[in-house]
file data.cif (mmCIF, C-alpha atoms)
data_final
#
loop_
_atom_site.label_atom_id
_atom_site.label_comp_id
_atom_site.auth_asym_id
_atom_site.auth_seq_id
_atom_site.Cartn_x
_atom_site.Cartn_y
_atom_site.Cartn_z
CA MET A 2 56.93 -2.59 -102.07
CA ALA A 3 58.11 -3.22 -105.65
CA LEU A 4 61.00 -1.56 -107.42
CA ASP A 5 62.83 -2.13 -110.71
CA ASN A 6 66.57 -2.23 -110.17
CA THR A 7 69.37 -1.39 -112.58
CA PRO A 8 71.87 -4.16 -113.32
CA SER A 9 74.77 -4.78 -110.97
CA ARG A 10 76.88 -7.71 -109.84
CA GLN A 11 74.40 -8.87 -107.21
CA GLN A 12 71.16 -7.62 -108.77
CA PRO A 13 68.78 -9.41 -111.11
CA ARG A 14 68.07 -8.41 -114.67
CA THR A 15 65.97 -5.30 -115.12
CA THR A 16 62.97 -7.38 -116.21
CA GLU A 17 62.62 -8.84 -112.68
CA VAL A 18 60.47 -6.97 -110.18
CA ILE A 19 61.76 -7.04 -106.60
CA THR A 20 59.04 -7.45 -104.01
CA LEU A 21 59.62 -7.35 -100.26
CA GLY A 22 57.52 -9.34 -97.82
CA LEU A 23 57.22 -12.73 -96.16
CA ARG A 24 54.25 -13.92 -98.21
CA GLN A 25 55.73 -12.68 -101.47
CA ASN A 26 59.03 -14.53 -100.88
CA LEU A 27 57.68 -17.49 -98.93
CA ALA A 28 59.33 -20.26 -100.96
CA GLN A 29 62.83 -18.87 -100.62
CA PHE A 30 62.19 -17.89 -97.01
CA MET A 31 61.18 -21.44 -96.06
CA LEU A 32 64.19 -22.89 -97.87
CA LEU A 33 66.37 -20.60 -95.76
CA VAL A 34 64.51 -21.78 -92.64
CA ALA A 35 65.35 -25.38 -93.59
CA VAL A 36 69.00 -24.47 -94.21
CA ASN A 37 69.25 -22.78 -90.83
CA ALA A 38 67.79 -25.85 -89.12
CA LEU A 39 70.69 -27.78 -90.62
CA VAL A 40 73.13 -25.10 -89.43
CA GLY A 41 71.74 -25.56 -85.93
CA GLY A 42 71.95 -29.34 -86.21
CA THR A 43 75.61 -29.08 -87.15
CA LEU A 44 76.21 -27.25 -83.87
CA GLY A 45 73.89 -29.53 -81.91
CA GLN A 46 76.04 -32.61 -82.60
CA GLU A 47 78.38 -31.30 -79.89
CA ARG A 48 76.02 -30.11 -77.15
CA THR A 49 75.58 -33.39 -75.28
CA VAL A 50 78.66 -35.34 -76.30
CA LEU A 51 81.70 -33.05 -76.19
CA PRO A 52 81.58 -32.16 -72.47
CA LEU A 53 81.47 -35.90 -71.72
CA LEU A 54 84.19 -36.64 -74.28
CA ALA A 55 86.50 -34.19 -72.50
CA GLY A 56 86.35 -36.10 -69.23
CA GLN A 57 85.71 -39.70 -70.24
CA VAL A 58 87.97 -40.00 -73.31
CA PHE A 59 90.62 -37.29 -72.91
CA HIS A 60 90.58 -37.23 -69.07
CA LEU A 61 90.62 -33.47 -68.67
CA ASP A 62 90.12 -32.73 -64.99
CA GLU A 63 90.18 -28.94 -64.89
CA TYR A 64 87.07 -27.19 -66.15
CA THR A 65 89.11 -24.39 -67.71
CA SER A 66 90.99 -26.88 -69.89
CA ALA A 67 87.86 -28.80 -70.79
CA LEU A 68 86.13 -25.61 -71.94
CA THR A 69 88.88 -24.67 -74.40
CA TYR A 70 86.75 -25.97 -77.28
CA ILE A 71 84.00 -23.45 -76.45
CA LEU A 72 86.60 -20.68 -76.14
CA ALA A 73 88.00 -21.62 -79.56
CA PHE A 74 84.53 -21.86 -81.10
CA GLY A 75 83.41 -18.53 -79.66
CA LEU A 76 86.47 -16.58 -80.76
CA ALA A 77 86.39 -18.04 -84.28
CA LYS A 78 82.64 -17.50 -84.71
CA ALA A 79 82.71 -13.99 -83.27
CA ALA A 80 85.48 -12.85 -85.61
CA THR A 81 83.86 -14.52 -88.61
CA ASN A 82 80.50 -12.90 -87.86
CA TYR A 83 82.12 -9.51 -88.25
CA PHE A 84 83.64 -10.31 -91.61
CA ALA A 85 80.52 -12.13 -92.83
CA GLY A 86 78.62 -8.84 -93.01
CA THR A 87 81.33 -7.08 -94.99
CA LEU A 88 81.86 -10.05 -97.31
CA SER A 89 78.15 -10.44 -98.00
CA ASP A 90 77.87 -6.75 -98.88
CA ARG A 91 80.84 -7.03 -101.23
CA TYR A 92 80.29 -10.42 -102.89
CA GLY A 93 76.65 -11.22 -102.17
CA ARG A 94 74.97 -13.40 -99.56
CA LYS A 95 74.90 -16.76 -101.36
CA PRO A 96 78.67 -17.13 -101.99
CA VAL A 97 79.31 -16.52 -98.27
CA LEU A 98 76.67 -19.12 -97.32
CA VAL A 99 78.13 -21.75 -99.63
CA ALA A 100 81.66 -21.01 -98.40
CA GLY A 101 80.51 -21.59 -94.83
CA TRP A 102 79.21 -25.06 -95.65
CA LEU A 103 82.39 -25.98 -97.54
CA ILE A 104 84.51 -24.98 -94.56
CA ALA A 105 82.44 -27.28 -92.31
CA LEU A 106 83.20 -30.44 -94.28
CA PRO A 107 86.21 -31.65 -92.20
CA VAL A 108 84.59 -31.01 -88.79
CA PRO A 109 82.94 -34.44 -88.25
CA LEU A 110 86.11 -36.23 -89.33
CA LEU A 111 88.19 -34.30 -86.80
CA LEU A 112 85.68 -35.02 -84.03
CA ILE A 113 85.53 -38.72 -84.89
CA PHE A 114 89.21 -39.45 -85.43
CA GLY A 115 90.95 -36.76 -83.35
CA PRO A 116 93.60 -38.56 -81.22
CA SER A 117 94.12 -35.65 -78.81
CA TRP A 118 92.13 -32.76 -77.36
CA GLU A 119 94.00 -30.34 -79.61
CA TRP A 120 92.23 -31.94 -82.60
CA ILE A 121 88.86 -31.30 -80.95
CA VAL A 122 89.78 -27.67 -80.34
CA ALA A 123 90.88 -27.34 -83.98
CA ALA A 124 87.56 -28.81 -85.12
CA ASN A 125 85.77 -26.15 -83.11
CA VAL A 126 87.81 -23.35 -84.64
CA ILE A 127 86.69 -24.60 -88.06
CA LEU A 128 83.12 -25.06 -86.85
CA GLY A 129 83.08 -21.52 -85.46
CA ILE A 130 84.20 -20.08 -88.80
CA SER A 131 81.56 -22.12 -90.61
CA GLN A 132 78.78 -21.13 -88.21
CA GLY A 133 79.77 -17.47 -88.43
CA LEU A 134 79.36 -17.53 -92.20
CA THR A 135 76.28 -19.76 -92.50
CA TRP A 136 74.14 -18.55 -89.60
CA SER A 137 74.96 -14.87 -90.13
CA THR A 138 74.11 -15.11 -93.81
CA THR A 139 70.77 -16.84 -93.30
CA VAL A 140 69.84 -14.03 -90.88
CA MET A 141 70.78 -11.36 -93.40
CA MET A 142 68.97 -13.09 -96.27
CA LYS A 143 65.71 -13.36 -94.32
CA MET A 144 65.93 -9.68 -93.33
CA ASP A 145 66.49 -8.86 -97.00
CA LEU A 146 63.43 -10.80 -98.15
CA VAL A 147 60.80 -9.73 -95.62
CA GLY A 148 61.47 -6.01 -95.45
CA PRO A 149 60.65 -3.96 -92.34
CA GLU A 150 57.09 -4.95 -91.53
CA ARG A 151 57.48 -8.54 -90.24
CA ARG A 152 61.08 -8.44 -89.10
CA GLY A 153 60.45 -9.86 -85.62
CA LEU A 154 58.42 -12.74 -87.02
CA ALA A 155 61.14 -13.47 -89.59
CA MET A 156 63.86 -13.55 -86.94
CA GLY A 157 61.68 -15.73 -84.71
CA LEU A 158 61.25 -18.27 -87.50
CA ASN A 159 64.97 -18.16 -88.33
CA GLU A 160 66.20 -18.63 -84.78
CA ALA A 161 63.46 -21.18 -83.99
CA ALA A 162 64.61 -23.34 -86.87
CA GLY A 163 68.24 -23.09 -85.84
CA TYR A 164 67.74 -23.89 -82.18
CA LEU A 165 65.16 -26.60 -82.75
CA GLY A 166 67.88 -28.10 -84.94
CA VAL A 167 70.31 -27.78 -82.02
CA ALA A 168 67.79 -29.33 -79.62
CA GLY A 169 66.77 -32.25 -81.82
CA THR A 170 70.36 -33.12 -82.56
CA ALA A 171 71.41 -32.81 -78.90
CA LEU A 172 68.65 -35.25 -77.95
CA ALA A 173 69.43 -37.64 -80.81
CA THR A 174 73.17 -37.66 -80.13
CA GLY A 175 72.51 -38.37 -76.44
CA TYR A 176 70.62 -41.52 -77.36
CA ILE A 177 73.16 -42.50 -80.01
CA ALA A 178 76.03 -42.02 -77.55
CA SER A 179 74.29 -44.09 -74.84
CA THR A 180 73.73 -46.94 -77.30
CA TYR A 181 76.82 -46.89 -79.52
CA GLY A 182 79.38 -44.84 -77.57
CA LEU A 183 80.62 -41.26 -77.69
CA ARG A 184 82.38 -41.78 -81.05
CA PRO A 185 81.79 -42.05 -83.99
CA GLY A 186 77.98 -42.38 -84.06
CA PRO A 187 76.86 -38.92 -82.86
CA PHE A 188 79.09 -37.10 -85.34
CA LEU A 189 77.89 -39.08 -88.36
CA LEU A 190 74.61 -37.19 -87.93
CA GLY A 191 76.50 -33.91 -88.19
CA ALA A 192 78.22 -35.09 -91.37
CA ALA A 193 74.83 -35.78 -92.95
CA PHE A 194 73.55 -32.32 -92.01
CA ILE A 195 76.57 -30.65 -93.61
CA ALA A 196 76.13 -32.59 -96.86
CA VAL A 197 72.43 -31.73 -97.13
CA GLY A 198 72.97 -28.08 -96.14
CA LEU A 199 75.65 -27.63 -98.79
CA GLY A 200 73.47 -29.22 -101.45
CA LEU A 201 70.45 -27.03 -100.64
CA SER A 202 72.54 -23.87 -100.54
CA VAL A 203 74.17 -24.53 -103.91
CA LEU A 204 71.10 -25.78 -105.76
CA THR A 205 68.08 -23.96 -104.33
CA ILE A 206 69.04 -20.73 -102.53
CA ARG A 207 68.98 -17.49 -104.57
CA GLU A 208 70.85 -14.24 -103.96
CA THR A 209 68.96 -11.65 -101.87
CA HIS A 210 71.31 -8.67 -101.79
CA HIS A 211 69.18 -6.84 -104.37
CA HIS A 212 66.22 -6.96 -101.95
CA ALA A 213 68.26 -4.97 -99.42
CA LYS A 214 69.07 -2.44 -102.16
CA ALA A 215 65.38 -2.13 -102.97
CA GLU A 216 64.50 -1.52 -99.31
CA ALA A 217 67.27 1.06 -98.99
CA ALA A 218 65.68 3.17 -101.73
CA GLY A 219 62.63 3.86 -99.55
CA HIS A 220 64.18 3.61 -96.08
CA VAL A 221 63.61 6.42 -93.55
CA PRO A 222 66.43 6.55 -90.96
CA VAL A 223 65.36 6.15 -87.34
CA HIS A 224 67.54 9.10 -86.36
CA ALA A 225 70.20 11.31 -87.92
CA GLY A 226 73.12 9.08 -87.00
CA SER A 227 71.79 6.07 -88.93
CA HIS A 228 71.92 7.43 -92.48
CA ALA A 229 73.15 5.38 -95.42
CA GLY A 230 76.68 6.67 -95.93
CA LEU A 231 78.55 5.22 -92.96
CA SER A 232 82.00 3.64 -93.11
CA SER A 233 82.62 0.23 -91.61
CA SER A 234 84.47 1.81 -88.67
CA ALA A 235 81.53 4.15 -88.05
CA VAL A 236 79.12 1.20 -88.15
CA PHE A 237 81.29 -0.64 -85.61
CA THR A 238 81.40 2.33 -83.24
CA LEU A 239 77.69 3.07 -83.58
CA THR A 240 76.63 -0.54 -83.01
CA SER A 241 79.06 -1.17 -80.16
CA PHE A 242 79.00 2.05 -78.15
CA ARG A 243 77.38 5.22 -79.50
CA ASP A 244 73.81 4.29 -80.32
CA LYS A 245 71.82 3.60 -77.14
CA SER A 246 69.67 0.88 -78.67
CA LEU A 247 72.35 -0.85 -80.75
CA SER A 248 74.88 -0.87 -77.91
CA SER A 249 72.27 -2.14 -75.43
CA VAL A 250 71.49 -4.96 -77.82
CA SER A 251 75.17 -5.78 -78.30
CA GLN A 252 75.91 -6.11 -74.58
CA ALA A 253 72.74 -8.15 -73.98
CA GLY A 254 73.67 -10.51 -76.81
CA MET A 255 77.13 -10.97 -75.35
CA VAL A 256 75.80 -11.81 -71.88
CA ASN A 257 73.15 -14.12 -73.35
CA ASN A 258 75.80 -16.22 -75.07
CA LEU A 259 78.02 -16.00 -72.02
CA ASN A 260 75.39 -17.96 -70.10
CA ASP A 261 74.75 -20.23 -73.09
CA GLY A 262 78.46 -21.09 -73.15
CA LEU A 263 78.19 -21.94 -69.46
CA ALA A 264 75.16 -24.16 -70.13
CA TRP A 265 76.89 -25.89 -73.04
CA GLY A 266 80.16 -26.60 -71.27
CA LEU A 267 79.33 -27.13 -67.60
CA PHE A 268 75.70 -28.21 -67.30
CA PRO A 269 76.36 -31.77 -68.59
CA VAL A 270 79.31 -32.08 -66.20
CA LEU A 271 77.19 -30.83 -63.27
CA PHE A 272 74.38 -33.23 -64.14
CA ALA A 273 76.77 -36.18 -64.55
CA ALA A 274 78.39 -35.46 -61.19
CA ALA A 275 74.93 -35.70 -59.60
CA GLY A 276 74.58 -39.22 -61.01
CA LEU A 277 72.25 -38.55 -63.94
CA SER A 278 72.44 -41.00 -66.86
CA ILE A 279 73.58 -39.94 -70.34
CA GLU A 280 69.96 -40.23 -71.52
CA ARG A 281 68.75 -37.80 -68.84
CA ILE A 282 71.65 -35.45 -69.51
CA GLY A 283 70.68 -35.55 -73.19
CA ILE A 284 67.09 -34.67 -72.27
CA LEU A 285 68.21 -31.65 -70.23
CA ALA A 286 70.66 -30.62 -72.96
CA ALA A 287 67.82 -30.79 -75.51
CA VAL A 288 64.94 -29.24 -73.54
CA TYR A 289 66.74 -25.91 -73.09
CA PRO A 290 67.27 -25.20 -76.83
CA ALA A 291 63.91 -26.85 -77.67
CA VAL A 292 61.95 -24.39 -75.51
CA TRP A 293 64.24 -21.63 -76.76
CA GLY A 294 63.63 -22.62 -80.38
CA ALA A 295 59.87 -23.18 -80.20
CA GLY A 296 59.30 -20.12 -78.03
CA GLN A 297 60.75 -17.86 -80.70
CA LEU A 298 57.81 -18.70 -82.96
CA ILE A 299 55.78 -16.62 -80.50
CA THR A 300 58.22 -14.05 -79.18
CA GLY A 301 59.56 -12.86 -82.55
CA ALA A 302 56.08 -11.90 -83.77
CA LEU A 303 55.14 -10.56 -80.32
CA SER A 304 58.04 -8.10 -80.48
CA ASP A 305 56.55 -6.65 -83.67
CA ARG A 306 53.44 -5.78 -81.63
CA ILE A 307 54.64 -4.71 -78.19
CA GLY A 308 58.18 -3.58 -78.99
CA ARG A 309 61.65 -5.02 -78.51
CA LYS A 310 62.69 -3.52 -75.17
CA PRO A 311 60.19 -5.27 -72.81
CA LEU A 312 61.04 -8.71 -74.18
CA ILE A 313 64.79 -8.16 -74.07
CA ALA A 314 64.93 -6.73 -70.54
CA GLY A 315 62.37 -9.22 -69.22
CA GLY A 316 64.02 -12.16 -70.93
CA MET A 317 67.41 -11.44 -69.38
CA LEU A 318 65.83 -11.35 -65.90
CA VAL A 319 64.01 -14.65 -66.54
CA GLN A 320 67.31 -16.22 -67.59
CA ALA A 321 68.94 -14.96 -64.38
CA LEU A 322 66.20 -16.59 -62.30
CA ALA A 323 66.63 -19.88 -64.17
CA LEU A 324 70.39 -19.90 -63.65
CA GLY A 325 69.82 -19.34 -59.95
CA MET A 326 67.63 -22.45 -59.91
CA VAL A 327 70.38 -24.47 -61.61
CA ALA A 328 72.93 -23.29 -59.03
CA LEU A 329 70.69 -24.27 -56.11
CA GLY A 330 69.24 -27.49 -57.58
CA ASN A 331 70.48 -31.04 -57.12
CA ASP A 332 67.92 -33.27 -58.86
CA PHE A 333 66.48 -33.92 -62.32
CA GLY A 334 63.09 -32.33 -61.61
CA THR A 335 64.51 -29.01 -60.42
CA TRP A 336 66.97 -28.85 -63.29
CA LEU A 337 64.25 -29.70 -65.81
CA ALA A 338 62.14 -26.78 -64.57
CA ALA A 339 65.21 -24.53 -64.67
CA VAL A 340 66.18 -25.36 -68.25
CA VAL A 341 62.57 -24.85 -69.37
CA LEU A 342 62.65 -21.39 -67.77
CA LEU A 343 66.10 -20.69 -69.23
CA GLY A 344 64.85 -21.61 -72.69
CA ALA A 345 61.79 -19.37 -72.28
CA GLY A 346 63.92 -16.40 -71.21
CA THR A 347 66.30 -16.92 -74.11
CA ALA A 348 63.37 -17.16 -76.54
CA MET A 349 62.19 -13.75 -75.34
CA VAL A 350 65.59 -12.26 -76.08
CA TYR A 351 67.19 -13.95 -79.06
CA PRO A 352 65.09 -13.05 -82.12
CA THR A 353 64.18 -9.71 -80.58
CA LEU A 354 67.83 -8.65 -80.41
CA LEU A 355 68.29 -9.30 -84.14
CA ALA A 356 65.05 -7.53 -85.01
CA ALA A 357 66.16 -4.53 -82.93
CA ILE A 358 69.36 -4.28 -84.97
CA GLY A 359 67.30 -4.31 -88.16
CA ASP A 360 65.05 -1.55 -86.82
CA VAL A 361 67.87 0.95 -86.38
CA ALA A 362 70.46 -0.09 -88.98
CA HIS A 363 70.12 1.34 -92.49
CA PRO A 364 69.68 -1.37 -95.16
CA GLU A 365 72.90 -0.17 -96.83
CA TRP A 366 74.95 -1.19 -93.78
CA ARG A 367 72.56 -3.49 -91.93
CA ALA A 368 74.61 -6.60 -92.78
CA ARG A 369 77.70 -4.98 -91.28
CA SER A 370 75.78 -3.93 -88.16
CA VAL A 371 74.43 -7.47 -87.75
CA GLY A 372 78.02 -8.68 -88.11
CA VAL A 373 79.22 -6.33 -85.35
CA TYR A 374 76.36 -7.38 -83.06
CA ARG A 375 77.12 -11.04 -83.66
CA LEU A 376 80.82 -10.34 -83.03
CA TRP A 377 79.95 -9.17 -79.52
CA ARG A 378 77.22 -11.77 -79.03
CA ASP A 379 79.33 -14.80 -79.91
CA GLY A 380 82.31 -13.33 -78.13
CA GLY A 381 80.18 -14.20 -75.11
CA PHE A 382 80.96 -17.87 -75.71
CA ALA A 383 84.64 -17.16 -75.18
CA VAL A 384 84.07 -14.92 -72.16
CA GLY A 385 81.68 -17.47 -70.67
CA ALA A 386 84.10 -20.35 -71.17
CA LEU A 387 86.96 -18.48 -69.50
CA LEU A 388 84.98 -16.93 -66.67
CA SER A 389 82.91 -19.97 -65.76
CA GLY A 390 85.90 -22.31 -66.08
CA ILE A 391 88.08 -20.23 -63.78
CA ILE A 392 85.34 -19.84 -61.17
CA ALA A 393 84.34 -23.51 -61.39
CA ASP A 394 87.94 -24.62 -60.88
CA ALA A 395 88.26 -22.39 -57.83
CA TYR A 396 84.84 -22.65 -56.20
CA GLY A 397 82.80 -25.30 -58.05
CA ILE A 398 80.22 -25.26 -60.83
CA PRO A 399 77.30 -23.92 -58.72
CA ALA A 400 79.35 -20.83 -57.85
CA ALA A 401 80.13 -20.23 -61.53
CA VAL A 402 76.44 -20.51 -62.40
CA ALA A 403 75.52 -18.05 -59.62
CA VAL A 404 78.02 -15.44 -60.83
CA VAL A 405 76.72 -15.69 -64.40
CA ALA A 406 73.15 -15.35 -63.07
CA GLY A 407 74.12 -12.04 -61.47
CA LEU A 408 75.73 -10.76 -64.68
CA THR A 409 72.62 -11.73 -66.66
CA ALA A 410 70.35 -9.80 -64.29
CA LEU A 411 72.63 -6.75 -64.55
CA SER A 412 72.46 -6.93 -68.35
CA GLY A 413 68.66 -6.82 -68.23
CA ILE A 414 68.78 -3.76 -65.99
CA ILE A 415 71.11 -2.01 -68.46
CA VAL A 416 68.67 -2.67 -71.30
CA ALA A 417 65.77 -1.31 -69.22
CA ALA A 418 67.71 1.86 -68.39
CA ARG A 419 69.44 2.59 -71.71
CA MET A 420 67.56 1.21 -74.73
CA ARG A 421 65.06 3.39 -76.59
CA SER A 422 61.48 2.07 -76.59
CA SER A 423 60.17 3.42 -79.89
CA ASP A 424 62.65 2.41 -82.60
CA HIS A 425 60.57 -0.49 -83.94
CA ARG A 426 57.46 1.63 -84.49
CA GLY A 427 58.88 3.42 -87.47
CA GLN A 428 59.92 0.13 -89.05
CA GLY A 429 56.70 -1.78 -89.01
#
call {"tool": "encode", "arguments": {"input": "data.cif", "output": "C-alpha cells"}}
result
Amino acid sequence: MALDNTPSRQQPRTTEVITLGLRQNLAQFMLLVAVNALVGGTLGQERTVLPLLAGQVFHLDEYTSALTYILAFGLAKAATNYFAGTLSDRYGRKPVLVAGWLIALPVPLLLIFGPSWEWIVAANVILGISQGLTWSTTVMMKMDLVGPERRGLAMGLNEAAGYLGVAGTALATGYIASTYGLRPGPFLLGAAFIAVGLGLSVLTIRETHHHAKAEAAGHVPVHAGSHAGLSSSAVFTLTSFRDKSLSSVSQAGMVNNLNDGLAWGLFPVLFAAAGLSIERIGILAAVYPAVWGAGQLITGALSDRIGRKPLIAGGMLVQALALGMVALGNDFGTWLAAVVLLGAGTAMVYPTLLAAIGDVAHPEWRARSVGVYRLWRDGGFAVGALLSGIIADAYGIPAAVAVVAGLTALSGIIVAARMRSSDHRGQG
C-alpha cells in the first residue's frame, strides 16, 4: 500500500512515498525491536533483586508492604499508558518515546543510593511512567509501520524483544548480585540500558505517525461502532466495556499482569524461603520471561493464521495450570517446569492481545485504544500486588498463588464466551 500524503506536523514532505509492510520498513522496525529490548532490560534489572532487597536490606516482613513498589509501578505505568496514546496522536510517536527515556535517567541512582524503602517506591513510580511512554510507543510505531497484514507477527517480535530483555537482565542481575551484592552492581546494568536506549531513540528512530494516517485512508471498519470519528471518551468506553472483543482483551490483559505482578513480587520470596540460592532464584526469575519472550516469535505469527481468540483463551488456562503447580510445588524441578509452562501460556496471550486491539480499532484512534487496553492491563500489576500481598499475609504465599490461578482460569472462560472469533480475518 503506497500513498502520497499532504504536509502536516507529523507527516513527511509530499515527495516521500509512504509504504506499509514489515519488509518495506524492515530497518526501522528492527531498530524499534532493539529499542524495546532495552526497555525490557530496564525493567528486568528489578525482577530478581528488588524482592530480595525488600527483606534483606530494608527488613520488610509483611508481603503487602514489600509489594508496594509493584503497586506504585503498576499505577504509574497504567495511567501513563492511557496518556501515551493521546500524546502520540497529538505530538507524534518519537517525542513521546524520547521523553520516556529521559524520565528514566534517575531510576538507577535511586535504586542504588536510596536510604529507605520510600526511595525505592519513588524509583518505581518514575520507572512506571517511563515504561508507559517507551513500551507503549514502540508498540504503536510497529503497528504503524507494518499495516494490517502481519500485525500478529509484528507484536510477537516486539514483545519477544522486550521480554527477552527482561529475562536476560533478570538472569544477569542474579549472578551479579550473588557475586557483588544486591547494590550497586545489578542497577549499573540498567543505567547502561537507559543511556543506549536514549541514544538510539534520538539518533536513529524516525516518526511513524504518517504511516497510521496512510493506513486510515484505506481502512474498512470491522463493524459500525469502530468508525474513524470517535472521541477519546467513546474510545475508552468501547475498549473497556461496549465492544465484546476489545473488552474481553482488556480484562484478559489485566488478569495476565495480575499474575505477572504476583510472580515478580512473591515468587523470589517463596523460592528463597524454600532454601534456594540466589543463583537458582535468578534462573527461575529468568526462565519465565525467557520462554514468554521466545515463544512470542511463534505465537504472534500463529495468531495471524488461526485467529486471536483460541490463543488468548487457551493461554489463560495454561497460565492457570502453571500457577497451580507453583502453589503445590516445593522444589526447584517442579517450579522450573511451572515457570516454563507459565511463560508458554503468557506467550500465547501477550502479543495476541495487542494484535486483537489493532484488528478492531480504527487507525485514527488505534493509539488511544492501545493506551486504554494498556491502562487496564498494567493496572493488573497494582491489583495483583494488593490482592496477593493481602492473601499472602493472611494465609501464606501458596494460597495467594492458588487464588490468582482461579482468577486466571475465569478470565480465559470469559474470553471463550464473549470475544468474537472473526475480527482478525478482515484485517489480514
call {"tool": "resolve_selection", "arguments": {"input": "data.cif", "expression": "the PyMOL selection byres ((chain A and resi 421) around 10)", "output": "PyMOL selection string"}}
result
chain A and resi 244-247+249+309-310+416-420+422-425
call {"tool": "closest_residue", "arguments": {"input": "data.cif", "among": "A:Val371, A:Leu190, A:Val122, A:Ala357", "to": "Ala77 (chain A)", "atoms": "only C-alpha atoms"}}
result
A:Val122
call {"tool": "residues_around", "arguments": {"input": "data.cif", "residues": "region 261-270 of chain A", "least_positions_apart": "2", "cutoff": "9 Å", "atoms": "all atoms listed in the file", "output": "NGL selection string"}}
result
:A and (47-53 or 56 or 64 or 67-68 or 70-72 or 75 or 256-259 or 272-275 or 279 or 282-283 or 285-286 or 327 or 381-386 or 388-390 or 393 or 398 or 401-402 or 405)
call {"tool": "residues_around", "arguments": {"input": "data.cif", "residues": "Ala321 (chain A)", "least_positions_apart": "6", "cutoff": "7 Å", "atoms": "all atoms listed in the file", "output": "PyMOL selection string"}}
result
chain A and resi 406-407+409-410
call {"tool": "closest_residue", "arguments": {"input": "data.cif", "among": "A:Gln25, A:Ser412, A:Ser137, A:Thr353", "to": "Lys78 (chain A)", "atoms": "all atoms listed in the file"}}
result
A:Ser137
call {"tool": "closest_residue", "arguments": {"input": "data.cif", "among": "A:Leu343, A:Val373, A:Leu44, A:Val167", "to": "Leu128 (chain A)", "atoms": "all atoms listed in the file"}}
result
A:Leu44
call {"tool": "resolve_selection", "arguments": {"input": "data.cif", "expression": "the PyMOL selection byres ((chain A and resi 26-39) around 8)", "output": "ChimeraX atom specification"}}
result
/A:20-25,40-43,135-136,139,142-143,146-147,158-160,162-167,194-195,197-198,201-202,205-207
call {"tool": "write_last_selection", "arguments": {"input": "data.cif", "atoms": "C-alpha atoms", "output": "PDB file, in the frame of the given file"}}
result
ATOM      1  CA  THR A  20      59.040  -7.450-104.010  1.00  0.00           C
ATOM      2  CA  LEU A  21      59.620  -7.350-100.260  1.00  0.00           C
ATOM      3  CA  GLY A  22      57.520  -9.340 -97.820  1.00  0.00           C
ATOM      4  CA  LEU A  23      57.220 -12.730 -96.160  1.00  0.00           C
ATOM      5  CA  ARG A  24      54.250 -13.920 -98.210  1.00  0.00           C
ATOM      6  CA  GLN A  25      55.730 -12.680-101.470  1.00  0.00           C
ATOM      7  CA  VAL A  40      73.130 -25.100 -89.430  1.00  0.00           C
ATOM      8  CA  GLY A  41      71.740 -25.560 -85.930  1.00  0.00           C
ATOM      9  CA  GLY A  42      71.950 -29.340 -86.210  1.00  0.00           C
ATOM     10  CA  THR A  43      75.610 -29.080 -87.150  1.00  0.00           C
ATOM     11  CA  THR A 135      76.280 -19.760 -92.500  1.00  0.00           C
ATOM     12  CA  TRP A 136      74.140 -18.550 -89.600  1.00  0.00           C
ATOM     13  CA  THR A 139      70.770 -16.840 -93.300  1.00  0.00           C
ATOM     14  CA  MET A 142      68.970 -13.090 -96.270  1.00  0.00           C
ATOM     15  CA  LYS A 143      65.710 -13.360 -94.320  1.00  0.00           C
ATOM     16  CA  LEU A 146      63.430 -10.800 -98.150  1.00  0.00           C
ATOM     17  CA  VAL A 147      60.800  -9.730 -95.620  1.00  0.00           C
ATOM     18  CA  LEU A 158      61.250 -18.270 -87.500  1.00  0.00           C
ATOM     19  CA  ASN A 159      64.970 -18.160 -88.330  1.00  0.00           C
ATOM     20  CA  GLU A 160      66.200 -18.630 -84.780  1.00  0.00           C
ATOM     21  CA  ALA A 162      64.610 -23.340 -86.870  1.00  0.00           C
ATOM     22  CA  GLY A 163      68.240 -23.090 -85.840  1.00  0.00           C
ATOM     23  CA  TYR A 164      67.740 -23.890 -82.180  1.00  0.00           C
ATOM     24  CA  LEU A 165      65.160 -26.600 -82.750  1.00  0.00           C
ATOM     25  CA  GLY A 166      67.880 -28.100 -84.940  1.00  0.00           C
ATOM     26  CA  VAL A 167      70.310 -27.780 -82.020  1.00  0.00           C
ATOM     27  CA  PHE A 194      73.550 -32.320 -92.010  1.00  0.00           C
ATOM     28  CA  ILE A 195      76.570 -30.650 -93.610  1.00  0.00           C
ATOM     29  CA  VAL A 197      72.430 -31.730 -97.130  1.00  0.00           C
ATOM     30  CA  GLY A 198      72.970 -28.080 -96.140  1.00  0.00           C
ATOM     31  CA  LEU A 201      70.450 -27.030-100.640  1.00  0.00           C
ATOM     32  CA  SER A 202      72.540 -23.870-100.540  1.00  0.00           C
ATOM     33  CA  THR A 205      68.080 -23.960-104.330  1.00  0.00           C
ATOM     34  CA  ILE A 206      69.040 -20.730-102.530  1.00  0.00           C
ATOM     35  CA  ARG A 207      68.980 -17.490-104.570  1.00  0.00           C
TER      36      ARG A 207
END
call {"tool": "resolve_selection", "arguments": {"input": "data.cif", "expression": "the PyMOL selection byres ((chain A and resi 320) around 8)", "output": "ChimeraX atom specification"}}
result
/A:316-319,321-324,342-347,406,409-410
call {"tool": "residues_around", "arguments": {"input": "data.cif", "residues": "region 99-104 of chain A", "least_positions_apart": "5", "cutoff": "6 Å", "atoms": "all atoms listed in the file", "output": "ChimeraX atom specification"}}
result
/A:131,134-135,199
call {"tool": "closest_residue", "arguments": {"input": "data.cif", "among": "A:Gly334, A:Gly413, A:Pro107, A:Gly359", "to": "Gly315 (chain A)", "atoms": "all atoms listed in the file"}}
result
A:Gly413
call {"tool": "residues_around", "arguments": {"input": "data.cif", "residues": "region 151-155 of chain A", "least_positions_apart": "6", "cutoff": "6 Å", "atoms": "all atoms listed in the file", "output": "list of chain:residue names"}}
result
A:Gly301, A:Ala302, A:Ser304, A:Asp305, A:Ala356
call {"tool": "atom_distance", "arguments": {"input": "data.cif", "atom1": "CA of Leu303 (chain A)", "atom2": "CA of Ile284 (chain A)"}}
result
28.1 Å
call {"tool": "atom_distance", "arguments": {"input": "data.cif", "atom1": "CA of Thr209 (chain A)", "atom2": "CA of Gly157 (chain A)"}}
result
19.1 Å
call {"tool": "axis_aligned_box", "arguments": {"input": "data.cif", "around": "region 292-310 of chain A", "padding_each_side": "3 Å", "output": "AutoDock Vina command-line options"}}
result
--center_x 58.8 --center_y -14.0 --center_z -79.5 --size_x 16.8 --size_y 26.9 --size_z 14.6
